[in-house]
Every structure is written in C-alpha cells, then in structure tokens.
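Shown here: protein.tsv, TSV, C-alpha atoms.
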chain	number	residue	atom	x	y	z
A	127	MET	CA	64.57	126.84	143.52
A	128	SER	CA	64.26	129.33	140.63
A	129	GLY	CA	67.16	127.68	138.83
A	130	PHE	CA	65.21	124.44	138.80
A	131	VAL	CA	63.10	125.78	135.94
A	132	PHE	CA	65.20	128.48	134.30
A	133	SER	CA	68.84	129.52	134.39
A	134	GLU	CA	68.50	133.20	135.26
A	135	LYS	CA	70.11	135.90	133.14
A	136	PRO	CA	72.25	138.52	134.90
A	137	ILE	CA	69.78	141.26	133.92
A	138	SER	CA	66.81	142.05	136.16
A	139	ILE	CA	64.01	143.56	134.06
A	140	ALA	CA	61.81	146.21	135.65
A	141	THR	CA	59.65	147.71	132.88
A	142	GLY	CA	58.88	147.43	129.20
A	143	GLU	CA	57.46	149.70	126.53
A	144	GLY	CA	57.23	148.93	122.83
A	145	ALA	CA	60.42	147.15	121.80
A	146	THR	CA	62.38	148.42	124.82
A	147	LEU	CA	63.03	146.63	128.12
A	148	THR	CA	64.48	148.56	131.04
A	149	ALA	CA	66.55	146.85	133.72
A	150	GLU	CA	66.39	147.59	137.44
A	151	ASN	CA	69.62	149.60	137.11
A	152	GLY	CA	68.09	151.82	134.40
A	153	THR	CA	69.86	150.25	131.39
A	154	GLU	CA	67.61	150.10	128.33
A	155	TYR	CA	67.71	147.09	126.01
A	156	LEU	CA	66.32	146.69	122.51
A	157	ASP	CA	64.27	143.50	122.70
A	158	PHE	CA	64.86	141.41	119.60
A	159	GLY	CA	63.66	138.17	121.15
A	160	ALA	CA	60.22	139.19	122.42
A	161	SER	CA	60.59	136.41	124.98
A	162	TYR	CA	60.26	133.76	122.26
A	163	ALA	CA	57.76	135.78	120.17
A	164	CYS	CA	55.35	136.38	123.05
A	165	THR	CA	54.96	140.16	122.68
A	166	PRO	CA	53.95	140.91	119.06
A	167	THR	CA	52.27	144.20	120.04
A	168	GLY	CA	55.32	145.32	122.00
A	169	HIS	CA	55.59	145.55	125.76
A	170	CYS	CA	52.61	147.03	127.59
A	171	HIS	CA	50.69	148.16	124.53
A	172	PRO	CA	48.16	150.66	125.94
A	173	ASP	CA	45.16	148.92	124.37
A	174	VAL	CA	46.13	145.58	125.90
A	175	VAL	CA	46.86	147.14	129.30
A	176	GLU	CA	43.50	148.93	129.29
A	177	ALA	CA	41.62	145.75	128.36
A	178	VAL	CA	43.30	143.80	131.16
A	179	GLN	CA	42.63	146.53	133.72
A	180	GLU	CA	38.96	146.79	132.77
A	181	GLN	CA	38.44	143.03	132.88
A	182	ALA	CA	40.28	142.72	136.19
A	183	GLY	CA	37.80	145.12	137.71
A	184	ASP	CA	34.83	143.05	136.53
A	185	LEU	CA	35.76	139.37	136.75
A	186	LEU	CA	39.10	137.62	137.08
A	187	TYR	CA	37.93	134.03	136.75
A	188	VAL	CA	34.95	131.72	136.54
A	189	GLN	CA	34.97	128.11	135.39
A	190	GLY	CA	34.64	127.51	131.68
A	191	SER	CA	31.16	125.98	131.86
A	192	TYR	CA	29.73	129.45	132.55
A	193	PRO	CA	29.53	131.67	129.44
A	194	VAL	CA	31.68	134.80	129.63
A	195	GLN	CA	31.60	137.60	127.07
A	196	ALA	CA	35.38	137.95	126.75
A	197	ARG	CA	35.72	134.24	125.95
A	198	ALA	CA	32.81	134.31	123.50
A	199	ASP	CA	34.34	137.31	121.73
A	200	LEU	CA	37.67	135.52	121.48
A	201	HIS	CA	36.12	132.38	120.01
A	202	GLU	CA	34.45	134.53	117.37
A	203	LYS	CA	37.61	136.51	116.54
A	204	LEU	CA	39.85	133.47	116.29
A	205	GLY	CA	37.31	131.66	114.15
A	206	ALA	CA	37.12	134.65	111.80
A	207	LEU	CA	40.91	134.96	111.57
A	208	ALA	CA	41.53	131.22	111.08
A	209	PRO	CA	42.21	129.87	107.59
A	210	ASP	CA	39.09	128.94	105.62
A	211	GLY	CA	37.67	125.62	106.76
A	212	ILE	CA	38.84	125.94	110.36
A	213	GLU	CA	36.06	127.28	112.56
A	214	ASN	CA	36.37	125.48	115.89
A	215	VAL	CA	38.39	126.86	118.81
A	216	TRP	CA	39.60	125.25	122.03
A	217	LEU	CA	41.43	127.56	124.44
A	218	CYS	CA	44.15	126.60	126.91
A	219	ASN	CA	47.14	128.10	128.72
A	220	SER	CA	50.25	127.39	126.64
A	221	GLY	CA	51.67	126.10	123.40
A	222	THR	CA	52.46	122.65	124.72
A	223	GLU	CA	48.84	122.29	125.89
A	224	ALA	CA	47.58	123.39	122.48
A	225	ASN	CA	49.75	120.76	120.79
A	226	GLU	CA	48.83	118.11	123.35
A	227	ALA	CA	45.16	118.75	122.59
A	228	ALA	CA	45.87	118.63	118.86
A	229	LEU	CA	47.48	115.20	119.15
A	230	LYS	CA	44.63	113.93	121.34
A	231	PHE	CA	41.99	115.29	118.96
A	232	ALA	CA	43.75	113.67	116.00
A	233	ARG	CA	43.98	110.32	117.76
A	234	SER	CA	40.31	110.33	118.74
A	235	ALA	CA	39.01	111.63	115.39
A	236	THR	CA	40.85	109.07	113.25
A	237	ASP	CA	41.41	105.33	113.33
A	238	GLY	CA	45.17	105.85	113.50
A	239	THR	CA	47.62	105.56	116.37
A	240	LYS	CA	50.93	106.66	114.81
A	241	ILE	CA	52.20	110.24	114.83
A	242	VAL	CA	54.61	111.45	112.15
A	243	ALA	CA	56.83	114.33	113.25
A	244	ALA	CA	59.94	115.99	111.85
A	245	LYS	CA	63.56	115.82	112.88
A	246	ARG	CA	64.67	119.06	114.59
A	247	ALA	CA	61.04	119.67	115.63
A	248	PHE	CA	60.07	121.18	118.96
A	249	HIS	CA	56.42	120.83	120.01
A	250	GLY	CA	56.46	121.18	123.80
A	251	ARG	CA	57.34	119.62	127.13
A	252	THR	CA	54.31	117.56	128.16
A	253	ALA	CA	54.64	113.80	127.73
A	254	GLY	CA	52.81	113.69	124.42
A	255	THR	CA	54.38	116.74	122.81
A	256	LEU	CA	57.81	115.82	124.13
A	257	SER	CA	57.47	112.44	122.43
A	258	ALA	CA	57.00	114.31	119.13
A	259	THR	CA	59.98	116.59	119.84
A	260	TRP	CA	63.23	115.58	118.20
A	261	LYS	CA	66.20	116.73	120.28
A	262	PRO	CA	67.23	114.19	122.98
A	263	LYS	CA	68.35	116.87	125.47
A	264	TYR	CA	64.74	117.86	126.10
A	265	LYS	CA	63.50	114.36	126.87
A	266	LYS	CA	66.26	112.00	127.96
A	267	SER	CA	65.57	112.69	131.65
A	268	PHE	CA	61.92	111.65	131.26
A	269	GLU	CA	62.08	108.56	129.08
A	270	PRO	CA	60.40	106.25	128.37
A	271	LEU	CA	57.79	108.52	126.83
A	272	LEU	CA	55.38	107.65	124.00
A	273	GLU	CA	57.97	107.47	121.23
A	274	GLU	CA	56.96	103.97	120.17
A	275	HIS	CA	54.01	105.69	118.47
A	276	VAL	CA	56.09	108.43	116.78
A	277	GLU	CA	58.08	108.24	113.55
A	278	PHE	CA	60.49	111.08	112.78
A	279	VAL	CA	61.19	112.09	109.18
A	280	THR	CA	63.64	114.52	107.63
A	281	TYR	CA	62.15	118.02	107.55
A	282	GLY	CA	61.78	119.16	103.95
A	283	ASP	CA	62.06	115.70	102.37
A	284	ALA	CA	58.67	115.21	100.70
A	285	VAL	CA	59.45	111.67	99.51
A	286	GLU	CA	60.38	110.49	103.00
A	287	LEU	CA	57.27	112.10	104.45
A	288	GLU	CA	55.02	110.45	101.91
A	289	SER	CA	56.49	107.02	102.61
A	290	ALA	CA	55.99	107.42	106.37
A	291	VAL	CA	52.26	108.17	106.28
A	292	ALA	CA	49.94	105.16	106.11
A	293	ASP	CA	46.45	104.11	107.10
A	294	ASP	CA	47.52	103.67	110.73
A	295	THR	CA	48.74	107.28	110.98
A	296	ALA	CA	46.63	109.55	113.16
A	297	ALA	CA	48.49	112.80	112.53
A	298	VAL	CA	51.35	114.52	110.82
A	299	ILE	CA	52.55	117.45	112.93
A	300	LEU	CA	54.80	120.07	111.34
A	301	GLU	CA	56.02	123.60	111.96
A	302	PRO	CA	55.69	125.73	108.79
A	303	ILE	CA	59.01	127.23	109.93
A	304	GLN	CA	61.05	125.33	112.46
A	305	GLY	CA	61.92	127.64	115.36
A	306	GLU	CA	63.99	125.82	117.98
A	307	GLY	CA	65.37	123.68	115.16
A	308	GLY	CA	67.27	126.61	113.63
A	309	ILE	CA	64.75	128.76	111.69
A	310	HIS	CA	64.14	126.49	108.71
A	311	PRO	CA	61.20	127.39	106.44
A	312	ALA	CA	59.46	124.43	104.83
A	313	PRO	CA	59.91	124.03	101.06
A	314	GLN	CA	56.65	124.71	99.22
A	315	ASP	CA	56.30	121.17	97.88
A	316	TYR	CA	56.81	119.74	101.37
A	317	LEU	CA	53.66	121.23	102.86
A	318	GLU	CA	51.72	120.46	99.69
A	319	THR	CA	52.81	116.82	99.89
A	320	ALA	CA	51.85	116.74	103.56
A	321	ARG	CA	48.35	117.93	102.63
A	322	GLU	CA	47.97	115.44	99.78
A	323	VAL	CA	49.18	112.36	101.66
A	324	THR	CA	47.15	113.11	104.79
A	325	GLU	CA	43.98	113.59	102.78
A	326	ALA	CA	44.60	110.30	100.96
A	327	THR	CA	44.93	108.38	104.23
A	328	ASP	CA	42.31	110.19	106.36
A	329	THR	CA	45.13	111.48	108.56
A	330	ALA	CA	44.93	114.77	110.46
A	331	LEU	CA	47.42	117.41	109.33
A	332	ILE	CA	48.54	119.58	112.25
A	333	PHE	CA	50.44	122.82	111.76
A	334	ASP	CA	52.23	123.97	114.90
A	335	GLU	CA	52.06	127.77	114.65
A	336	ILE	CA	52.91	128.37	118.29
A	337	GLN	CA	55.80	130.62	117.24
A	338	THR	CA	54.94	131.47	113.63
A	339	GLY	CA	51.35	132.64	114.16
A	340	ILE	CA	49.75	136.00	114.98
A	341	GLY	CA	51.43	137.89	112.14
A	342	ARG	CA	55.05	137.02	112.77
A	343	THR	CA	55.95	135.79	109.28
A	344	GLY	CA	54.21	138.55	107.33
A	345	GLU	CA	50.89	136.69	107.14
A	346	PHE	CA	48.55	136.24	110.07
A	347	TRP	CA	49.36	132.51	109.88
A	348	ALA	CA	52.53	131.21	108.25
A	349	CYS	CA	50.57	128.51	106.42
A	350	GLU	CA	48.68	131.20	104.49
A	351	GLY	CA	51.86	131.95	102.57
A	352	SER	CA	51.99	128.37	101.33
A	353	GLY	CA	48.32	128.12	100.42
A	354	VAL	CA	48.06	124.90	102.45
A	355	THR	CA	45.37	124.63	105.12
A	356	PRO	CA	45.75	122.03	107.88
A	357	ASP	CA	43.01	120.18	109.74
A	358	ILE	CA	44.33	121.46	113.07
A	359	LEU	CA	46.28	124.66	113.73
A	360	THR	CA	47.82	125.46	117.10
A	361	THR	CA	48.89	128.84	118.41
A	362	ALA	CA	50.08	130.42	121.67
A	363	LYS	CA	53.02	132.71	122.58
A	364	GLY	CA	51.92	136.00	121.00
A	365	ILE	CA	48.17	135.48	121.20
A	366	ALA	CA	47.71	137.47	124.44
A	367	SER	CA	50.78	139.76	124.39
A	368	GLY	CA	52.65	137.62	126.90
A	369	LEU	CA	49.84	136.46	129.16
A	370	PRO	CA	49.52	132.64	129.29
A	371	MET	CA	47.19	131.40	126.58
A	372	GLY	CA	47.15	128.85	123.79
A	373	ALA	CA	44.54	127.73	121.28
A	374	THR	CA	43.83	124.69	119.16
A	375	LEU	CA	41.83	125.49	116.04
A	376	CYS	CA	40.36	122.66	114.00
A	377	ALA	CA	38.09	121.70	111.13
A	378	ASP	CA	34.58	120.38	111.69
A	379	TRP	CA	35.47	116.76	111.03
A	380	ILE	CA	38.02	116.88	113.85
A	381	ALA	CA	35.75	118.71	116.29
A	382	GLU	CA	32.79	116.43	115.63
A	383	SER	CA	34.78	113.25	116.33
A	384	ALA	CA	37.23	114.38	119.00
A	385	GLY	CA	37.04	112.86	122.46
A	386	PRO	CA	36.36	114.88	125.62
A	387	HIS	CA	39.07	117.25	126.74
A	388	GLY	CA	39.28	120.09	129.23
A	389	SER	CA	41.38	122.58	131.17
A	390	THR	CA	40.52	124.43	134.37
A	391	PHE	CA	41.68	127.84	133.18
A	392	SER	CA	40.62	127.44	129.54
A	393	GLY	CA	39.65	130.85	128.20
A	394	ASN	CA	39.65	132.59	131.56
A	395	PRO	CA	38.18	136.12	131.31
A	396	LEU	CA	41.33	138.10	132.12
A	397	VAL	CA	43.56	136.46	129.53
A	398	SER	CA	40.73	136.36	127.01
A	399	ALA	CA	40.46	140.14	127.33
A	400	ALA	CA	44.19	140.47	126.68
A	401	ALA	CA	43.92	138.18	123.65
A	402	ASN	CA	40.97	140.12	122.23
A	403	ALA	CA	42.89	143.37	122.51
A	404	THR	CA	46.03	141.77	121.06
A	405	LEU	CA	44.22	140.44	118.00
A	406	ASP	CA	42.57	143.83	117.47
A	407	VAL	CA	45.94	145.61	117.58
A	408	VAL	CA	47.59	143.10	115.24
A	409	VAL	CA	44.81	143.55	112.67
A	410	GLU	CA	44.15	147.28	113.03
A	411	GLU	CA	47.82	148.29	113.01
A	412	ASP	CA	48.59	145.77	110.24
A	413	LEU	CA	51.45	144.22	112.16
A	414	PRO	CA	51.75	141.32	109.68
A	415	GLY	CA	52.37	143.90	106.97
A	416	ASN	CA	55.00	145.61	109.10
A	417	ALA	CA	56.61	142.24	109.81
A	418	ALA	CA	56.84	141.55	106.07
A	419	GLU	CA	58.27	145.00	105.27
A	420	ILE	CA	60.78	145.33	108.10
A	421	GLY	CA	61.65	141.64	107.98
A	422	GLY	CA	62.48	141.85	104.29
A	423	TYR	CA	64.57	144.97	104.88
A	424	LEU	CA	66.39	143.36	107.78
A	425	GLN	CA	67.08	140.17	105.85
A	426	ASP	CA	68.56	142.12	102.92
A	427	GLU	CA	70.75	144.26	105.19
A	428	LEU	CA	72.04	141.23	107.12
A	429	ALA	CA	72.79	139.28	103.96
A	430	ALA	CA	74.85	142.21	102.65
A	431	LEU	CA	77.18	142.32	105.67
A	432	ASP	CA	80.83	141.54	104.98
A	433	VAL	CA	81.28	139.44	108.11
A	434	PRO	CA	81.31	135.68	108.78
A	435	ILE	CA	77.66	134.75	108.33
A	436	ARG	CA	76.81	131.40	106.79
A	437	ASP	CA	73.16	132.10	106.11
A	438	VAL	CA	70.24	134.42	106.81
A	439	ARG	CA	66.88	132.69	106.57
A	440	GLY	CA	63.28	132.93	107.68
A	441	GLU	CA	60.18	134.95	106.87
A	442	GLY	CA	58.91	138.26	108.18
A	443	LEU	CA	60.25	138.94	111.67
A	444	MET	CA	61.20	135.34	112.33
A	445	LEU	CA	64.81	135.31	111.19
A	446	GLY	CA	67.80	133.10	111.83
A	447	VAL	CA	71.36	134.34	111.35
A	448	GLU	CA	73.71	131.38	111.14
A	449	VAL	CA	77.15	132.45	112.34
A	450	LYS	CA	80.50	130.70	112.20
A	451	ARG	CA	81.10	130.85	115.94
A	452	GLY	CA	78.88	129.92	118.83
A	453	ALA	CA	75.58	131.76	118.89
A	454	ASN	CA	75.68	132.16	122.67
A	455	GLY	CA	78.91	134.15	122.47
A	456	VAL	CA	77.39	136.46	119.88
A	457	LEU	CA	74.29	136.91	122.02
A	458	ARG	CA	76.41	137.73	125.07
A	459	ASP	CA	78.32	140.39	123.16
A	460	LEU	CA	75.13	141.88	121.73
A	461	ALA	CA	73.68	142.22	125.22
A	462	LEU	CA	76.78	143.50	127.02
A	463	GLU	CA	78.23	145.73	124.30
A	464	HIS	CA	75.14	146.92	122.43
A	465	GLN	CA	72.20	146.40	124.83
A	466	ILE	CA	70.37	144.16	122.36
A	467	LEU	CA	68.60	141.01	123.53
A	468	ALA	CA	68.09	138.11	121.12
A	469	LEU	CA	67.84	134.31	121.26
A	470	PRO	CA	69.68	131.19	120.12
A	471	ALA	CA	68.21	128.52	117.86
A	472	GLY	CA	70.75	125.77	118.29
A	473	ARG	CA	74.49	126.25	118.69
A	474	SER	CA	75.18	128.48	115.70
A	475	VAL	CA	71.98	130.40	114.92
A	476	VAL	CA	71.09	133.82	116.33
A	477	ARG	CA	67.31	134.00	116.35
A	478	LEU	CA	65.63	137.38	115.81
A	479	LEU	CA	61.98	137.53	116.96
A	480	PRO	CA	61.35	141.19	117.82
A	481	PRO	CA	57.97	142.72	118.60
A	482	LEU	CA	56.12	143.30	115.34
A	483	VAL	CA	56.00	147.05	116.01
A	484	ILE	CA	59.70	147.71	115.27
A	485	ASP	CA	60.83	150.09	112.53
A	486	GLU	CA	63.82	150.32	110.18
A	487	ALA	CA	65.82	152.27	112.75
A	488	ALA	CA	65.64	149.34	115.16
A	489	GLY	CA	66.63	147.00	112.34
A	490	ASP	CA	69.62	149.20	111.49
A	491	GLN	CA	70.68	149.13	115.13
A	492	VAL	CA	70.77	145.33	115.13
A	493	VAL	CA	72.56	145.11	111.79
A	494	THR	CA	75.23	147.55	112.98
A	495	ALA	CA	75.65	145.68	116.25
A	496	LEU	CA	76.01	142.28	114.56
A	497	ALA	CA	78.56	143.75	112.14
A	498	ASP	CA	80.57	145.05	115.09
A	499	VAL	CA	80.35	141.83	117.10
A	500	LEU	CA	81.34	139.65	114.15
A	501	ALA	CA	84.04	142.03	112.81
A	502	PRO	CA	86.92	140.63	114.93
A	503	GLU	CA	86.26	137.18	113.51
A	504	ALA	CA	86.28	138.61	109.98
A	505	GLU	CA	89.63	140.33	110.66
A	506	ALA	CA	91.09	137.12	112.07
A	507	GLN	CA	90.06	135.17	108.97
A	508	ALA	CA	91.55	137.84	106.70
A	509	GLU	CA	94.88	137.71	108.54
A	510	SER	CA	95.05	133.93	108.32
Step by step, read the file and then write its structure as structure tokens.
Amino acid sequence: MSGFVFSEKPISIATGEGATLTAENGTEYLDFGASYACTPTGHCHPDVVEAVQEQAGDLLYVQGSYPVQARADLHEKLGALAPDGIENVWLCNSGTEANEAALKFARSATDGTKIVAAKRAFHGRTAGTLSATWKPKYKKSFEPLLEEHVEFVTYGDAVELESAVADDTAAVILEPIQGEGGIHPAPQDYLETAREVTEATDTALIFDEIQTGIGRTGEFWACEGSGVTPDILTTAKGIASGLPMGATLCADWIAESAGPHGSTFSGNPLVSAAANATLDVVVEEDLPGNAAEIGGYLQDELAALDVPIRDVRGEGLMLGVEVKRGANGVLRDLALEHQILALPAGRSVVRLLPPLVIDEAAGDQVVTALADVLAPEAEAQAES
C-alpha cells in the first residue's frame, strides 16, 4: 500500500549528515531538495539530535491542555521571531493544517465568507486548503470541495487582485514566492497592494510561508524582504528539521476573534524540542545570511551557463531553473549521473531547495552537473 500515498524512488536512504544522504548501498548523494525544504539545518544536526534525545528521555507526549516547558519555550521563540505585530502562535503538525487553521481563523474573525487565492498556488491537501489550491490534478478526485467560496486571481497582477477583494472577503492567501507553482517571487507592488486592499476591507491577509520561512530566502521570513506584514503567517516544513510540525502565527485582532480550534498533537513535547533547537541553530549560525550569500552566488553561476536555460529565479536558497526540456528528465540524470537530488516545480522547472548549511563548493558541484546534463541539448541546438 505504500504506493497509495507516494510513488517510491529507486533509492533507499539509510543515513544523512549535513547536506549528504547515503543510500543503503553506500552511494552518497548531495541533497539539493531537502525533502521540500524540511531540513534547513542539514540532516541530523547534532544540536537537534541532542535536543530530541533529551526530550525523549523525559516526556514524549501529554495533551496540550497541560503546560509543557518545551512548548512554552517554542511559543516564546516563534513570537519573538515573528514579524512585528504578530505575537500569537498556534502549533499543529503540518503545513496544510497551518493553512487550514489560518483560513478558519480568518473566516471566524471577519464578517466575510469569500477566500481570494492565486492561480498556480499550492496551499495543502485538506478540503479547505485544497479548495484554495489552483492545479486541478491535486483536487479533481475529491470534488466537489469548497471552491464556490474561492476566487482565483492571476499571481502578480495587482489590479486584478484589488478588484477581487470586497467587503464579503474573509481572506487573501498568498505565497510570497510560489513554490509548487514554479518558483515565482511576487512583484513588490503586488504584496503592497494586497496589504492596502485587505486593510481597506477588514480582510485578513495570509502569507503562506510553509516553504519560504525559517531563513530559506535570505530573511527569516520571505515577507520581511518586501516590508509587508500579514495578519496571519503560516509555517511548517523546516521548523523542526524534518519532524512533523506546523504553526499559524497571527495578529491580536485575529486571535481575539477567532473561533475554537484544536489538534491532538499540537505542540507535543518531542517535536517542540526539535523546533526549539532548529530555531536556535538557524539564528546562531546565521543560516538566513548563508542562504542569501550562497543563493546569490548560485544564481549568478547558473545564469552564466551557456546551456539551454530559459530562466533562473527565486531568492536565497529557493531557486527555480527553468529548462527547455522536461524537468523530470534533468532530475533523473542529475541523480543517476552526478548523485545530486533535486525537485521539480511543474514540468519544466528544476527546483533547488538545499539545506541552508551548504557552501560554495556544493553550489559549484550542482552548477557543473547541470551544465553537463544540459550540454547534449545545447550541442543538438547548435547543430540544427
């Protein structure tokens, strides 16, 4: 039944350290996907491993109504790291749960019912978040969903966004950089317009930072680079170095008016310990700064390649390389010929989301490998 959930890759992973994954047969792979940005501190960072081991020896789980120090510490850390004006934290187990909570909080805190989302957006796989997800392939098997309450607008079109938001709108939900949609950063005026129009209509502005948060784009939160602060910010993936956790952060006016919500494993001690250690490592080792430096270097080196690349875009270590042939074929060749693991973002975009601990040498390895994989296509074009 494993194929019911995931189509398994022909590589069985045994161990991980830093940016390296080792297969059962001993082959080492440079991990440039970080399992969809879930391991910002690298695999098995010693501080995270130690925190998990210590907590496991004390308390694995107790229901959320009992105070636990690890959870209390995490609330405090996330509140301190959140953009100014966002102090409230609700913990959960995944990104889709964080976004589901965000949509529920927005609906209950406003008088609106409509959700405005973007074309190409991906917000999760629960009924609510799937309704706000654009691509039909993710949801056609489960329709009808809640789409009668969702209006999709063109990502980056500020005029279209402004016209879609009205007094009956509960929330606008946007990714500061679209991930599954092909690594598309939002134009500056787009997020500014989103802030202005939502404030004018008492609508909640939600930024989905499930993939962009925890230092990936060169700032701790991608929205910090735009200077735009939402009413609700969601995060997951990298928050606990790969252990299952998500969080919904919100402003006071949302928290004070939101309806009741809960989750059995919300902020369980073990994962909270991992998240506390992860956030400490990200801050103390300045991984956002490393993401900005190495990401800029990598982007420049990729853009300078004399091979068929349509575009290189993104911020920090969230990069998309748009190629002229299928991305899956490029990814296969990278894995088989160069032992580099990366991800697709649509049919033609190779998505690079490495652990934030990588250095220039790892970046050079990927650039060289992509040049080699794409070289035959360049030669074919030259001959024609």
Contacts of range 154-166 of chain A at 9 Å (only C-alpha atoms; same-chain gap of 2+ positions) as a PyMOL selection string: chain A and resi 144-149+152+168-170+337-338+340-342+362-369+404+408+413+444+461+464-469+477-483+488+491-492
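Compared by their closest atoms to Leu462 in chain A, and using only C-alpha atoms, the residues A:Ala418, A:Val499, A:Cys218, A:Val175 rank with A:Val499 nearest.
Relative to CA of Ala348 in chain A, CA of Ala177 in chain A is found at 27.1 Å.
In terms of minimum interatomic distance to Val323 in chain A, A:Glu286 ranks closest within A:Ser267, A:Val174, A:Glu286, A:Gly305, counting all atoms listed in the file.
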How close does range 369-412 of chain A get to range 178-200 of chain A? List, as a Markdown table, each residue of range 369-412 of chain A within 8 Å, its nearest atom pair and the distance in Å to one decimal, counting all atoms listed in the file.
| residue | atom | partner | partner_atom | distance |
| --- | --- | --- | --- | --- |
| A:Thr390 | CA | A:Gln189 | CA | 6.7 |
| A:Phe391 | CA | A:Gln189 | CA | 7.1 |
| A:Ser392 | CA | A:Gly190 | CA | 6.4 |
| A:Gly393 | CA | A:Arg197 | CA | 5.7 |
| A:Asn394 | CA | A:Tyr187 | CA | 5.7 |
| A:Pro395 | CA | A:Ala196 | CA | 5.7 |
| A:Leu396 | CA | A:Leu186 | CA | 5.5 |
| A:Val397 | CA | A:Val178 | CA | 7.5 |
| A:Ser398 | CA | A:Arg197 | CA | 5.5 |
| A:Ala399 | CA | A:Ala196 | CA | 5.6 |
| A:Ala400 | CA | A:Val178 | CA | 5.7 |
| A:Ala401 | CA | A:Leu200 | CA | 7.1 |
| A:Asn402 | CA | A:Leu200 | CA | 5.7 |
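Interatomic distance, CA of Asp378 in chain A to CA of Lys240 in chain A: 21.6 Å.
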Top pick for closest residue to His201 in chain A, considering A:Glu176, A:Asp294, A:Glu213, A:Asp490 and counting all atoms listed in the file: A:Glu213
Close residues, Ala292 in chain A itself excluded, 8 Å, all atoms listed in the file, min 3 positions apart in chain, as a count of residues only: 3
Length of the CA of Gly446 in chain A to CA of Ala495 in chain A vector [Å]: 15.5 Å
A:Glu486, A:Asp412, A:Glu150, A:Asp357 ranked by distance to Ala381 in chain A, top pick (using all atoms listed in the file): A:Asp357
Which of A:Leu431, A:Ile303, A:Leu229, A:Leu207 sits closest to Thr343 in chain A [using only C-alpha atoms]: A:Ile303
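Residue nearest Gln314 in chain A within the list A:Asn454, A:Cys349, A:Val475, A:Ile332: A:Cys349 [criterion: smallest interatomic distance, only C-alpha atoms].
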Taking all atoms of range 485-504 of chain A that appear in the file, build a box with edges along x, y and z, extend it by 4 Å on every side, and state its centre and edge lengths in Å to one decimal, as AutoDock Vina command-line options.
--center_x 73.9 --center_y 144.7 --center_z 113.5 --size_x 34.1 --size_y 23.1 --size_z 15.1
Residue contacts of Gln304 in chain A (8 Å, only C-alpha atoms) excluding same-chain residues fewer than 5 positions away, as an MDAnalysis selection string: chainID A and resid 246:248 309:312
Restricted to C-alpha atoms, what would the selected residues look like written as a PDB file, keeping the file's coordinate frame?
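That gives us part-v3.pdb:
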ATOM      1  CA  ARG A 246      64.670 119.060 114.590  1.00  0.00           C
ATOM      2  CA  ALA A 247      61.040 119.670 115.630  1.00  0.00           C
ATOM      3  CA  PHE A 248      60.070 121.180 118.960  1.00  0.00           C
ATOM      4  CA  ILE A 309      64.750 128.760 111.690  1.00  0.00           C
ATOM      5  CA  HIS A 310      64.140 126.490 108.710  1.00  0.00           C
ATOM      6  CA  PRO A 311      61.200 127.390 106.440  1.00  0.00           C
ATOM      7  CA  ALA A 312      59.460 124.430 104.830  1.00  0.00           C
TER       8      ALA A 312
END
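Residues in contact with Asp498 in chain A at 12 Å, where only C-alpha atoms are counted and same-chain residues fewer than 4 positions away are skipped, are listed as Leu431, Asp432, Val433, Pro434, Val456, Asp459, Leu460, Glu463, His464, Gln491, Val492, Val493, Thr494, Pro502, Glu503, Ala504 and Glu505 of chain A.
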Polymer residues at most 9 Å from Gly344 in chain A, all atoms listed in the file, same-chain spacing of 6 or more positions, as number ranges by chain: A: 351, 413-419, 421, 441-443
